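Read through the structure below, which is laid out as structure tokens, and then see the notes.
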Amino acid sequence: MMQVTWRDEANPLVAHEKIGIYELKNGNFSAKFTNWGASLVSLIVPDKNGQLADVVLGYDSVKDYIKSSSPFGAIVGRVANRIKDAQFTLNGNLYKLVANEGHNTIHGGSRGFSRVAWRVSGYKKEGAVPYIHFSYRSFDGEQGFPGDLIVSVTYVLIGHDTMTVTMKARALNKPTPVNLAQHTYWNLGGHNSGDILSHKIQIFGSHITPVDRELIPTGKIVPVTRTPYDFLKPHTIGSRIKDLPNGYDINYVLNGGKGNRVKRAAVVHHKKSGRVLELTTNAPGLQFYTSNWKKNFKGKGGHIYKPHAGLCLETQGFPDAVNHPNFPSQIVRKGKPYSHSMQIKFSTTRSSA
């Protein structure tokens, strides 16, 4: 296994970490990860004919992940998504963050959790329940956020068709916003199969949080009915994407009640391969993103990832919640930890639907 030694000059709490690739395997169902950004590198699943393919966009080497400007497969935070004007007020204190998308902050800043080395705190490659556990200690003031914070993510393979992702965080001394998200780009036809516009998706969210021109939520919560965002019944992604300026990049308010109840988030079906992805979560929101990038990325095996090459299903708290009191709070305090779970289940169907 190739490794790269990383010294984090910006974080005094992190010593030298070796960045490597780690595999989990249960029969033909296998996944690879790197501790750079606690990222999912690949996921191998069969199609309806038993043919295996990697359904995750990404890179071939650790060095490519370190150099990349895109969080392929990573855990993003301390606060995923966007924060307006790179600032917020908490308990009367104004916190100014690192702006890395114009004058706003996205995914925790220019050096968010996707851009650091995590520690491998536990690892079992094979067996009944293969798993890998990553942890990271974020310091008070990192990218402008208050308080020391211990974060972790655990990936587990269950059986031959299911992966669970459990993200946790614990504030050590100060209240702080926390909103972690798993930022994998999926393509059920295989990472090198072209665009995802023929994928059929159902999203179990009857409302969205609309955004302005900078993709910052307005604070409103509006129904999806009679809009291109209505996937309450399955539709192909490409059927209405041209009705939007660039593509889908929006937070859905998931149905299923308030609190941390586990709920269905989305089902994705790729007709040609027969692969189906079913996602459940305890998070209140889901960011649906169709890789609307302006430039191409050179990925695994030299394949060129063009716009709409993958889709993201980022379960999360609502974007910019720190500046919208009507959104569910993301403030984590000492003694009141953060816990966010996802379950991703794969299956196949020969249905023509």
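Every chain in the structure tokens takes a letter, A first, then B, and so on in the order presented; its residues are numbered from 1, and the ligands are numbered from 1 following the presented order.
All residues of protein, DNA or RNA that reach within 7 Å of stretch 332-343 of chain A, judged by only C-alpha atoms and not counting those fewer than 2 positions away in the chain, are Met163, Thr164, Val165, Thr166, Met167, Lys168, Ala169, Arg170, Ala171, Leu172, Asn173, Lys174, Pro175, Thr176, Pro177, Val178, Leu279, Thr280, Thr281, Asn282, Ala283, Gln330 and Lys345 of chain A.
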Applying 7 Å and only C-alpha atoms, which residues near A:Asn251 remain after dropping the ones on its own chain fewer than 4 positions away? List them as a ChimeraX atom specification. /A:208-209,285-288,318
Residues of the last selection are to be written out with all heavy atoms, as a CSV table (one decimal), in the first residue's frame.
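Saved the output as selection27.csv:
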chain,number,residue,atom,x,y,z
A,208,ILE,N,-38.0,22.3,-0.3
A,208,ILE,CA,-36.6,22.7,-0.4
A,208,ILE,C,-36.4,24.0,0.3
A,208,ILE,O,-37.3,24.7,0.7
A,208,ILE,CB,-36.2,22.8,-1.9
A,208,ILE,CG1,-37.1,23.9,-2.6
A,208,ILE,CG2,-36.2,21.5,-2.6
A,208,ILE,CD1,-36.6,24.2,-4.0
A,209,THR,N,-35.1,24.3,0.5
A,209,THR,CA,-34.7,25.6,1.0
A,209,THR,C,-34.1,26.4,-0.2
A,209,THR,O,-33.0,26.2,-0.5
A,209,THR,CB,-33.6,25.5,2.2
A,209,THR,OG1,-32.5,24.7,1.7
A,209,THR,CG2,-34.3,24.9,3.4
A,285,GLY,N,-31.9,17.1,6.3
A,285,GLY,CA,-31.8,17.6,4.9
A,285,GLY,C,-31.0,16.7,4.0
A,285,GLY,O,-30.2,15.8,4.5
A,286,LEU,N,-31.1,16.9,2.7
A,286,LEU,CA,-30.3,16.2,1.7
A,286,LEU,C,-30.0,17.2,0.6
A,286,LEU,O,-30.9,17.8,-0.1
A,286,LEU,CB,-31.2,15.1,1.1
A,286,LEU,CG,-30.6,14.4,-0.1
A,286,LEU,CD1,-29.4,13.5,0.3
A,286,LEU,CD2,-31.6,13.6,-0.9
A,287,GLN,N,-28.7,17.4,0.4
A,287,GLN,CA,-28.2,18.2,-0.8
A,287,GLN,C,-28.1,17.3,-2.0
A,287,GLN,O,-27.3,16.3,-2.0
A,287,GLN,CB,-26.9,18.8,-0.5
A,287,GLN,CG,-26.4,19.9,-1.5
A,287,GLN,CD,-27.1,21.2,-1.3
A,287,GLN,OE1,-27.7,21.5,-0.2
A,287,GLN,NE2,-26.9,22.1,-2.2
A,288,PHE,N,-28.9,17.6,-3.0
A,288,PHE,CA,-28.8,16.9,-4.3
A,288,PHE,C,-28.0,17.7,-5.3
A,288,PHE,O,-28.4,18.9,-5.6
A,288,PHE,CB,-30.2,16.6,-4.8
A,288,PHE,CG,-30.3,16.0,-6.2
A,288,PHE,CD1,-29.4,14.9,-6.5
A,288,PHE,CD2,-31.2,16.4,-7.1
A,288,PHE,CE1,-29.5,14.3,-7.8
A,288,PHE,CE2,-31.3,15.8,-8.4
A,288,PHE,CZ,-30.4,14.8,-8.7
A,318,PHE,N,-29.4,21.9,7.4
A,318,PHE,CA,-29.7,22.9,6.4
A,318,PHE,C,-28.6,23.8,6.2
A,318,PHE,O,-28.0,24.3,7.2
A,318,PHE,CB,-31.0,23.7,6.7
A,318,PHE,CG,-32.3,22.8,6.8
A,318,PHE,CD1,-33.5,23.4,7.2
A,318,PHE,CD2,-32.3,21.5,6.5
A,318,PHE,CE1,-34.6,22.7,7.3
A,318,PHE,CE2,-33.4,20.7,6.6
A,318,PHE,CZ,-34.6,21.3,7.0
Output as a VMD selection string all residues of stretch 117-337 of chain A that backbone DSSP marks as helix (DSSP H, G or I). chain A and resid 142 to 144 237 to 239 241 to 243 300 to 302 321 to 323
Non-local contacts of A:Pro328 (9 Å; only C-alpha atoms; under 6 positions in same chain excluded) as number ranges by chain: A: 258-259, 284, 317-318, 321
Strand (DSSP E) residues, from DSSP on the backbone, in stretch 43-187 of chain A, as a PDB file with N, CA, C and O atoms, in the first residue's frame:
ATOM      1  N   LEU A  43     -16.116   1.984  -4.597  1.00  0.00           N
ATOM      2  CA  LEU A  43     -17.085   1.019  -4.090  1.00  0.00           C
ATOM      3  C   LEU A  43     -17.454   0.116  -5.262  1.00  0.00           C
ATOM      4  O   LEU A  43     -17.959   0.587  -6.284  1.00  0.00           O
ATOM      5  N   ILE A  44     -17.184  -1.177  -5.093  1.00  0.00           N
ATOM      6  CA  ILE A  44     -17.397  -2.153  -6.157  1.00  0.00           C
ATOM      7  C   ILE A  44     -18.679  -2.927  -5.878  1.00  0.00           C
ATOM      8  O   ILE A  44     -18.810  -3.563  -4.830  1.00  0.00           O
ATOM      9  N   VAL A  45     -19.615  -2.864  -6.833  1.00  0.00           N
ATOM     10  CA  VAL A  45     -20.879  -3.587  -6.680  1.00  0.00           C
ATOM     11  C   VAL A  45     -21.250  -4.234  -8.019  1.00  0.00           C
ATOM     12  O   VAL A  45     -20.896  -3.729  -9.091  1.00  0.00           O
ATOM     13  N   PRO A  46     -21.993  -5.340  -7.980  1.00  0.00           N
ATOM     14  CA  PRO A  46     -22.386  -6.015  -9.232  1.00  0.00           C
ATOM     15  C   PRO A  46     -23.596  -5.362  -9.879  1.00  0.00           C
ATOM     16  O   PRO A  46     -24.408  -4.711  -9.219  1.00  0.00           O
ATOM     17  N   LEU A  52     -19.057  -6.613 -12.186  1.00  0.00           N
ATOM     18  CA  LEU A  52     -18.645  -5.670 -11.148  1.00  0.00           C
ATOM     19  C   LEU A  52     -18.204  -4.347 -11.758  1.00  0.00           C
ATOM     20  O   LEU A  52     -17.611  -4.300 -12.834  1.00  0.00           O
ATOM     21  N   ALA A  53     -18.475  -3.251 -11.043  1.00  0.00           N
ATOM     22  CA  ALA A  53     -18.014  -1.931 -11.468  1.00  0.00           C
ATOM     23  C   ALA A  53     -17.857  -1.043 -10.241  1.00  0.00           C
ATOM     24  O   ALA A  53     -18.528  -1.226  -9.214  1.00  0.00           O
ATOM     25  N   ASP A  54     -16.960  -0.081 -10.376  1.00  0.00           N
ATOM     26  CA  ASP A  54     -16.722   0.928  -9.346  1.00  0.00           C
ATOM     27  C   ASP A  54     -17.694   2.079  -9.599  1.00  0.00           C
ATOM     28  O   ASP A  54     -17.639   2.731 -10.642  1.00  0.00           O
ATOM     29  N   ALA A  74     -15.143  12.798   0.172  1.00  0.00           N
ATOM     30  CA  ALA A  74     -14.634  13.213   1.483  1.00  0.00           C
ATOM     31  C   ALA A  74     -15.746  13.517   2.480  1.00  0.00           C
ATOM     32  O   ALA A  74     -16.912  13.709   2.124  1.00  0.00           O
ATOM     33  N   ILE A  75     -15.346  13.595   3.749  1.00  0.00           N
ATOM     34  CA  ILE A  75     -16.180  14.171   4.790  1.00  0.00           C
ATOM     35  C   ILE A  75     -15.888  15.668   4.809  1.00  0.00           C
ATOM     36  O   ILE A  75     -14.740  16.085   4.992  1.00  0.00           O
ATOM     37  N   VAL A  76     -16.930  16.480   4.600  1.00  0.00           N
ATOM     38  CA  VAL A  76     -16.735  17.925   4.595  1.00  0.00           C
ATOM     39  C   VAL A  76     -17.276  18.526   5.888  1.00  0.00           C
ATOM     40  O   VAL A  76     -18.262  18.070   6.448  1.00  0.00           O
ATOM     41  N   ARG A  82     -22.767  26.057   2.562  1.00  0.00           N
ATOM     42  CA  ARG A  82     -22.364  27.461   2.536  1.00  0.00           C
ATOM     43  C   ARG A  82     -22.786  28.233   3.782  1.00  0.00           C
ATOM     44  O   ARG A  82     -23.846  27.955   4.360  1.00  0.00           O
ATOM     45  N   ILE A  83     -21.956  29.213   4.145  1.00  0.00           N
ATOM     46  CA  ILE A  83     -22.268  30.166   5.210  1.00  0.00           C
ATOM     47  C   ILE A  83     -22.135  31.564   4.624  1.00  0.00           C
ATOM     48  O   ILE A  83     -21.070  31.942   4.130  1.00  0.00           O
ATOM     49  N   GLN A  87     -19.473  34.409   8.037  1.00  0.00           N
ATOM     50  CA  GLN A  87     -19.557  34.841   9.431  1.00  0.00           C
ATOM     51  C   GLN A  87     -20.882  34.433  10.053  1.00  0.00           C
ATOM     52  O   GLN A  87     -21.863  34.167   9.361  1.00  0.00           O
ATOM     53  N   PHE A  88     -20.892  34.380  11.372  1.00  0.00           N
ATOM     54  CA  PHE A  88     -22.121  34.117  12.120  1.00  0.00           C
ATOM     55  C   PHE A  88     -21.929  34.626  13.548  1.00  0.00           C
ATOM     56  O   PHE A  88     -20.793  34.860  13.996  1.00  0.00           O
ATOM     57  N   THR A  89     -23.025  34.791  14.248  1.00  0.00           N
ATOM     58  CA  THR A  89     -22.997  35.244  15.641  1.00  0.00           C
ATOM     59  C   THR A  89     -23.532  34.127  16.525  1.00  0.00           C
ATOM     60  O   THR A  89     -24.574  33.532  16.234  1.00  0.00           O
ATOM     61  N   LEU A  90     -22.806  33.846  17.601  1.00  0.00           N
ATOM     62  CA  LEU A  90     -23.199  32.806  18.548  1.00  0.00           C
ATOM     63  C   LEU A  90     -22.966  33.319  19.964  1.00  0.00           C
ATOM     64  O   LEU A  90     -21.846  33.732  20.300  1.00  0.00           O
ATOM     65  N   ASN A  93     -21.225  36.627  20.273  1.00  0.00           N
ATOM     66  CA  ASN A  93     -19.881  36.754  19.694  1.00  0.00           C
ATOM     67  C   ASN A  93     -19.946  36.588  18.178  1.00  0.00           C
ATOM     68  O   ASN A  93     -20.575  35.653  17.670  1.00  0.00           O
ATOM     69  N   LEU A  94     -19.297  37.500  17.454  1.00  0.00           N
ATOM     70  CA  LEU A  94     -19.223  37.422  16.005  1.00  0.00           C
ATOM     71  C   LEU A  94     -17.998  36.613  15.603  1.00  0.00           C
ATOM     72  O   LEU A  94     -16.875  36.949  16.003  1.00  0.00           O
ATOM     73  N   TYR A  95     -18.204  35.566  14.824  1.00  0.00           N
ATOM     74  CA  TYR A  95     -17.106  34.732  14.346  1.00  0.00           C
ATOM     75  C   TYR A  95     -16.945  34.935  12.846  1.00  0.00           C
ATOM     76  O   TYR A  95     -17.890  34.754  12.082  1.00  0.00           O
ATOM     77  N   LYS A  96     -15.754  35.337  12.457  1.00  0.00           N
ATOM     78  CA  LYS A  96     -15.437  35.537  11.050  1.00  0.00           C
ATOM     79  C   LYS A  96     -14.623  34.353  10.549  1.00  0.00           C
ATOM     80  O   LYS A  96     -13.586  34.018  11.122  1.00  0.00           O
ATOM     81  N   THR A 105     -18.330  31.205   2.823  1.00  0.00           N
ATOM     82  CA  THR A 105     -17.581  29.999   3.195  1.00  0.00           C
ATOM     83  C   THR A 105     -18.334  28.774   2.701  1.00  0.00           C
ATOM     84  O   THR A 105     -19.559  28.695   2.829  1.00  0.00           O
ATOM     85  N   ILE A 106     -17.598  27.817   2.128  1.00  0.00           N
ATOM     86  CA  ILE A 106     -18.200  26.553   1.731  1.00  0.00           C
ATOM     87  C   ILE A 106     -17.380  25.397   2.301  1.00  0.00           C
ATOM     88  O   ILE A 106     -16.142  25.440   2.314  1.00  0.00           O
ATOM     89  N   ARG A 119      -6.782  10.469  11.407  1.00  0.00           N
ATOM     90  CA  ARG A 119      -6.109   9.307  11.990  1.00  0.00           C
ATOM     91  C   ARG A 119      -6.965   8.059  11.801  1.00  0.00           C
ATOM     92  O   ARG A 119      -8.186   8.093  11.975  1.00  0.00           O
ATOM     93  N   VAL A 120      -6.320   6.960  11.438  1.00  0.00           N
ATOM     94  CA  VAL A 120      -7.014   5.673  11.371  1.00  0.00           C
ATOM     95  C   VAL A 120      -7.020   5.091  12.782  1.00  0.00           C
ATOM     96  O   VAL A 120      -6.010   4.617  13.284  1.00  0.00           O
ATOM     97  N   SER A 121      -8.184   5.133  13.431  1.00  0.00           N
ATOM     98  CA  SER A 121      -8.295   4.733  14.830  1.00  0.00           C
ATOM     99  C   SER A 121      -8.778   3.303  15.003  1.00  0.00           C
ATOM    100  O   SER A 121      -8.761   2.775  16.120  1.00  0.00           O
ATOM    101  N   GLY A 122      -9.234   2.693  13.926  1.00  0.00           N
ATOM    102  CA  GLY A 122      -9.665   1.303  13.966  1.00  0.00           C
ATOM    103  C   GLY A 122      -9.858   0.795  12.554  1.00  0.00           C
ATOM    104  O   GLY A 122     -10.295   1.550  11.673  1.00  0.00           O
ATOM    105  N   TYR A 123      -9.523  -0.491  12.324  1.00  0.00           N
ATOM    106  CA  TYR A 123      -9.564  -1.000  10.948  1.00  0.00           C
ATOM    107  C   TYR A 123      -9.645  -2.509  10.966  1.00  0.00           C
ATOM    108  O   TYR A 123      -8.840  -3.191  11.603  1.00  0.00           O
ATOM    109  N   LYS A 124     -10.658  -3.052  10.282  1.00  0.00           N
ATOM    110  CA  LYS A 124     -10.785  -4.492  10.081  1.00  0.00           C
ATOM    111  C   LYS A 124     -11.128  -4.714   8.621  1.00  0.00           C
ATOM    112  O   LYS A 124     -12.243  -4.409   8.179  1.00  0.00           O
ATOM    113  N   TYR A 131     -14.759  -2.839   8.829  1.00  0.00           N
ATOM    114  CA  TYR A 131     -15.013  -1.426   9.142  1.00  0.00           C
ATOM    115  C   TYR A 131     -13.698  -0.653   9.161  1.00  0.00           C
ATOM    116  O   TYR A 131     -12.605  -1.222   9.278  1.00  0.00           O
ATOM    117  N   ILE A 132     -13.810   0.663   9.039  1.00  0.00           N
ATOM    118  CA  ILE A 132     -12.681   1.555   9.262  1.00  0.00           C
ATOM    119  C   ILE A 132     -13.188   2.774  10.009  1.00  0.00           C
ATOM    120  O   ILE A 132     -14.277   3.296   9.728  1.00  0.00           O
ATOM    121  N   HIS A 133     -12.401   3.211  10.993  1.00  0.00           N
ATOM    122  CA  HIS A 133     -12.778   4.334  11.865  1.00  0.00           C
ATOM    123  C   HIS A 133     -11.718   5.417  11.745  1.00  0.00           C
ATOM    124  O   HIS A 133     -10.532   5.172  12.005  1.00  0.00           O
ATOM    125  N   PHE A 134     -12.141   6.621  11.343  1.00  0.00           N
ATOM    126  CA  PHE A 134     -11.248   7.762  11.227  1.00  0.00           C
ATOM    127  C   PHE A 134     -11.591   8.786  12.310  1.00  0.00           C
ATOM    128  O   PHE A 134     -12.766   8.961  12.663  1.00  0.00           O
ATOM    129  N   SER A 135     -10.572   9.496  12.800  1.00  0.00           N
ATOM    130  CA  SER A 135     -10.819  10.560  13.774  1.00  0.00           C
ATOM    131  C   SER A 135      -9.921  11.751  13.482  1.00  0.00           C
ATOM    132  O   SER A 135      -8.849  11.628  12.876  1.00  0.00           O
ATOM    133  N   TYR A 136     -10.382  12.914  13.920  1.00  0.00           N
ATOM    134  CA  TYR A 136      -9.630  14.160  13.711  1.00  0.00           C
ATOM    135  C   TYR A 136      -9.944  15.108  14.858  1.00  0.00           C
ATOM    136  O   TYR A 136     -11.088  15.195  15.303  1.00  0.00           O
ATOM    137  N   ARG A 137      -8.903  15.814  15.329  1.00  0.00           N
ATOM    138  CA  ARG A 137      -9.111  16.822  16.368  1.00  0.00           C
ATOM    139  C   ARG A 137      -8.917  18.204  15.762  1.00  0.00           C
ATOM    140  O   ARG A 137      -7.832  18.548  15.296  1.00  0.00           O
ATOM    141  N   SER A 138      -9.992  18.962  15.750  1.00  0.00           N
ATOM    142  CA  SER A 138      -9.986  20.315  15.199  1.00  0.00           C
ATOM    143  C   SER A 138      -9.757  21.309  16.332  1.00  0.00           C
ATOM    144  O   SER A 138     -10.369  21.216  17.398  1.00  0.00           O
ATOM    145  N   LEU A 149     -12.655  20.541  18.956  1.00  0.00           N
ATOM    146  CA  LEU A 149     -13.699  19.602  18.550  1.00  0.00           C
ATOM    147  C   LEU A 149     -13.054  18.281  18.149  1.00  0.00           C
ATOM    148  O   LEU A 149     -12.085  18.263  17.385  1.00  0.00           O
ATOM    149  N   ILE A 150     -13.589  17.182  18.650  1.00  0.00           N
ATOM    150  CA  ILE A 150     -13.149  15.853  18.224  1.00  0.00           C
ATOM    151  C   ILE A 150     -14.226  15.276  17.311  1.00  0.00           C
ATOM    152  O   ILE A 150     -15.406  15.194  17.676  1.00  0.00           O
ATOM    153  N   VAL A 151     -13.822  14.910  16.093  1.00  0.00           N
ATOM    154  CA  VAL A 151     -14.769  14.371  15.114  1.00  0.00           C
ATOM    155  C   VAL A 151     -14.326  12.976  14.695  1.00  0.00           C
ATOM    156  O   VAL A 151     -13.135  12.644  14.737  1.00  0.00           O
ATOM    157  N   SER A 152     -15.292  12.174  14.275  1.00  0.00           N
ATOM    158  CA  SER A 152     -14.973  10.821  13.809  1.00  0.00           C
ATOM    159  C   SER A 152     -15.979  10.399  12.763  1.00  0.00           C
ATOM    160  O   SER A 152     -17.105  10.910  12.686  1.00  0.00           O
ATOM    161  N   VAL A 153     -15.553   9.455  11.929  1.00  0.00           N
ATOM    162  CA  VAL A 153     -16.462   8.818  10.977  1.00  0.00           C
ATOM    163  C   VAL A 153     -16.108   7.344  10.905  1.00  0.00           C
ATOM    164  O   VAL A 153     -14.932   6.976  10.899  1.00  0.00           O
ATOM    165  N   THR A 154     -17.131   6.504  10.901  1.00  0.00           N
ATOM    166  CA  THR A 154     -16.944   5.066  10.806  1.00  0.00           C
ATOM    167  C   THR A 154     -17.713   4.544   9.605  1.00  0.00           C
ATOM    168  O   THR A 154     -18.919   4.786   9.467  1.00  0.00           O
ATOM    169  N   TYR A 155     -16.994   3.857   8.724  1.00  0.00           N
ATOM    170  CA  TYR A 155     -17.602   3.196   7.570  1.00  0.00           C
ATOM    171  C   TYR A 155     -17.648   1.698   7.866  1.00  0.00           C
ATOM    172  O   TYR A 155     -16.639   1.103   8.285  1.00  0.00           O
ATOM    173  N   VAL A 156     -18.800   1.067   7.625  1.00  0.00           N
ATOM    174  CA  VAL A 156     -18.980  -0.359   7.897  1.00  0.00           C
ATOM    175  C   VAL A 156     -19.655  -1.014   6.694  1.00  0.00           C
ATOM    176  O   VAL A 156     -20.623  -0.473   6.151  1.00  0.00           O
ATOM    177  N   LEU A 157     -19.143  -2.172   6.277  1.00  0.00           N
ATOM    178  CA  LEU A 157     -19.816  -2.982   5.271  1.00  0.00           C
ATOM    179  C   LEU A 157     -20.672  -4.026   5.985  1.00  0.00           C
ATOM    180  O   LEU A 157     -20.175  -4.768   6.841  1.00  0.00           O
ATOM    181  N   ILE A 158     -21.940  -4.081   5.619  1.00  0.00           N
ATOM    182  CA  ILE A 158     -22.875  -5.029   6.230  1.00  0.00           C
ATOM    183  C   ILE A 158     -23.387  -5.952   5.134  1.00  0.00           C
ATOM    184  O   ILE A 158     -24.004  -5.500   4.158  1.00  0.00           O
ATOM    185  N   THR A 162     -24.630  -3.462   1.694  1.00  0.00           N
ATOM    186  CA  THR A 162     -24.943  -2.268   2.479  1.00  0.00           C
ATOM    187  C   THR A 162     -23.699  -1.660   3.111  1.00  0.00           C
ATOM    188  O   THR A 162     -22.850  -2.391   3.641  1.00  0.00           O
ATOM    189  N   MET A 163     -23.595  -0.339   3.052  1.00  0.00           N
ATOM    190  CA  MET A 163     -22.551   0.395   3.765  1.00  0.00           C
ATOM    191  C   MET A 163     -23.213   1.422   4.684  1.00  0.00           C
ATOM    192  O   MET A 163     -24.123   2.140   4.271  1.00  0.00           O
ATOM    193  N   THR A 164     -22.759   1.466   5.922  1.00  0.00           N
ATOM    194  CA  THR A 164     -23.230   2.501   6.834  1.00  0.00           C
ATOM    195  C   THR A 164     -22.111   3.507   7.076  1.00  0.00           C
ATOM    196  O   THR A 164     -20.920   3.167   7.038  1.00  0.00           O
ATOM    197  N   VAL A 165     -22.514   4.752   7.290  1.00  0.00           N
ATOM    198  CA  VAL A 165     -21.585   5.840   7.579  1.00  0.00           C
ATOM    199  C   VAL A 165     -22.090   6.532   8.838  1.00  0.00           C
ATOM    200  O   VAL A 165     -23.235   7.004   8.864  1.00  0.00           O
ATOM    201  N   THR A 166     -21.252   6.581   9.871  1.00  0.00           N
ATOM    202  CA  THR A 166     -21.640   7.224  11.126  1.00  0.00           C
ATOM    203  C   THR A 166     -20.649   8.332  11.442  1.00  0.00           C
ATOM    204  O   THR A 166     -19.455   8.082  11.619  1.00  0.00           O
ATOM    205  N   MET A 167     -21.144   9.556  11.478  1.00  0.00           N
ATOM    206  CA  MET A 167     -20.321  10.735  11.749  1.00  0.00           C
ATOM    207  C   MET A 167     -20.667  11.278  13.127  1.00  0.00           C
ATOM    208  O   MET A 167     -21.854  11.484  13.438  1.00  0.00           O
ATOM    209  N   LYS A 168     -19.645  11.510  13.942  1.00  0.00           N
ATOM    210  CA  LYS A 168     -19.863  12.016  15.294  1.00  0.00           C
ATOM    211  C   LYS A 168     -18.921  13.185  15.577  1.00  0.00           C
ATOM    212  O   LYS A 168     -17.858  13.297  14.972  1.00  0.00           O
ATOM    213  N   ALA A 169     -19.341  14.032  16.497  1.00  0.00           N
ATOM    214  CA  ALA A 169     -18.496  15.156  16.918  1.00  0.00           C
ATOM    215  C   ALA A 169     -18.789  15.488  18.370  1.00  0.00           C
ATOM    216  O   ALA A 169     -19.939  15.379  18.824  1.00  0.00           O
ATOM    217  N   ARG A 170     -17.726  15.925  19.070  1.00  0.00           N
ATOM    218  CA  ARG A 170     -17.853  16.249  20.487  1.00  0.00           C
ATOM    219  C   ARG A 170     -17.109  17.549  20.769  1.00  0.00           C
ATOM    220  O   ARG A 170     -15.901  17.656  20.507  1.00  0.00           O
ATOM    221  N   ALA A 171     -17.837  18.557  21.250  1.00  0.00           N
ATOM    222  CA  ALA A 171     -17.225  19.839  21.612  1.00  0.00           C
ATOM    223  C   ALA A 171     -16.537  19.702  22.967  1.00  0.00           C
ATOM    224  O   ALA A 171     -17.117  19.172  23.913  1.00  0.00           O
ATOM    225  N   THR A 176     -20.227  25.295  19.300  1.00  0.00           N
ATOM    226  CA  THR A 176     -19.783  25.488  17.925  1.00  0.00           C
ATOM    227  C   THR A 176     -20.775  24.855  16.961  1.00  0.00           C
ATOM    228  O   THR A 176     -21.397  23.844  17.302  1.00  0.00           O
ATOM    229  N   PRO A 177     -20.940  25.421  15.777  1.00  0.00           N
ATOM    230  CA  PRO A 177     -21.772  24.742  14.779  1.00  0.00           C
ATOM    231  C   PRO A 177     -21.034  23.539  14.194  1.00  0.00           C
ATOM    232  O   PRO A 177     -19.825  23.597  13.959  1.00  0.00           O
ATOM    233  N   ALA A 181     -20.901  16.247   6.279  1.00  0.00           N
ATOM    234  CA  ALA A 181     -21.567  15.609   5.141  1.00  0.00           C
ATOM    235  C   ALA A 181     -20.580  14.727   4.395  1.00  0.00           C
ATOM    236  O   ALA A 181     -19.392  15.039   4.311  1.00  0.00           O
ATOM    237  N   GLN A 182     -21.102  13.634   3.853  1.00  0.00           N
ATOM    238  CA  GLN A 182     -20.306  12.701   3.069  1.00  0.00           C
ATOM    239  C   GLN A 182     -20.493  13.055   1.594  1.00  0.00           C
ATOM    240  O   GLN A 182     -21.593  13.021   1.074  1.00  0.00           O
ATOM    241  N   HIS A 183     -19.385  13.412   0.925  1.00  0.00           N
ATOM    242  CA  HIS A 183     -19.450  14.080  -0.377  1.00  0.00           C
ATOM    243  C   HIS A 183     -19.022  13.165  -1.536  1.00  0.00           C
ATOM    244  O   HIS A 183     -18.241  13.564  -2.399  1.00  0.00           O
TER     245      HIS A 183
END
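As for atom CA of A:Leu197 and atom CA of A:Asp243, they are spaced 13.5 Å apart.
Atom CA of A:Leu215 to atom CA of A:Asn246 spans 11.6 Å [interatomic distance, one decimal].
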Using only C-alpha atoms, which of A:Phe113, A:Phe145, A:Trp118, A:Trp186 sits nearest A:Thr34? A:Trp118
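Comparing A:Ser193, A:Glu126, A:Phe297, A:Phe327 by their smallest distance to A:Asp64, the closest is A:Phe297 (using only C-alpha atoms).
The closest residue to A:Gly112, picked from A:Ala80, A:Ile19, A:Ile250, A:Val222 and counting only C-alpha atoms, is A:Ala80.
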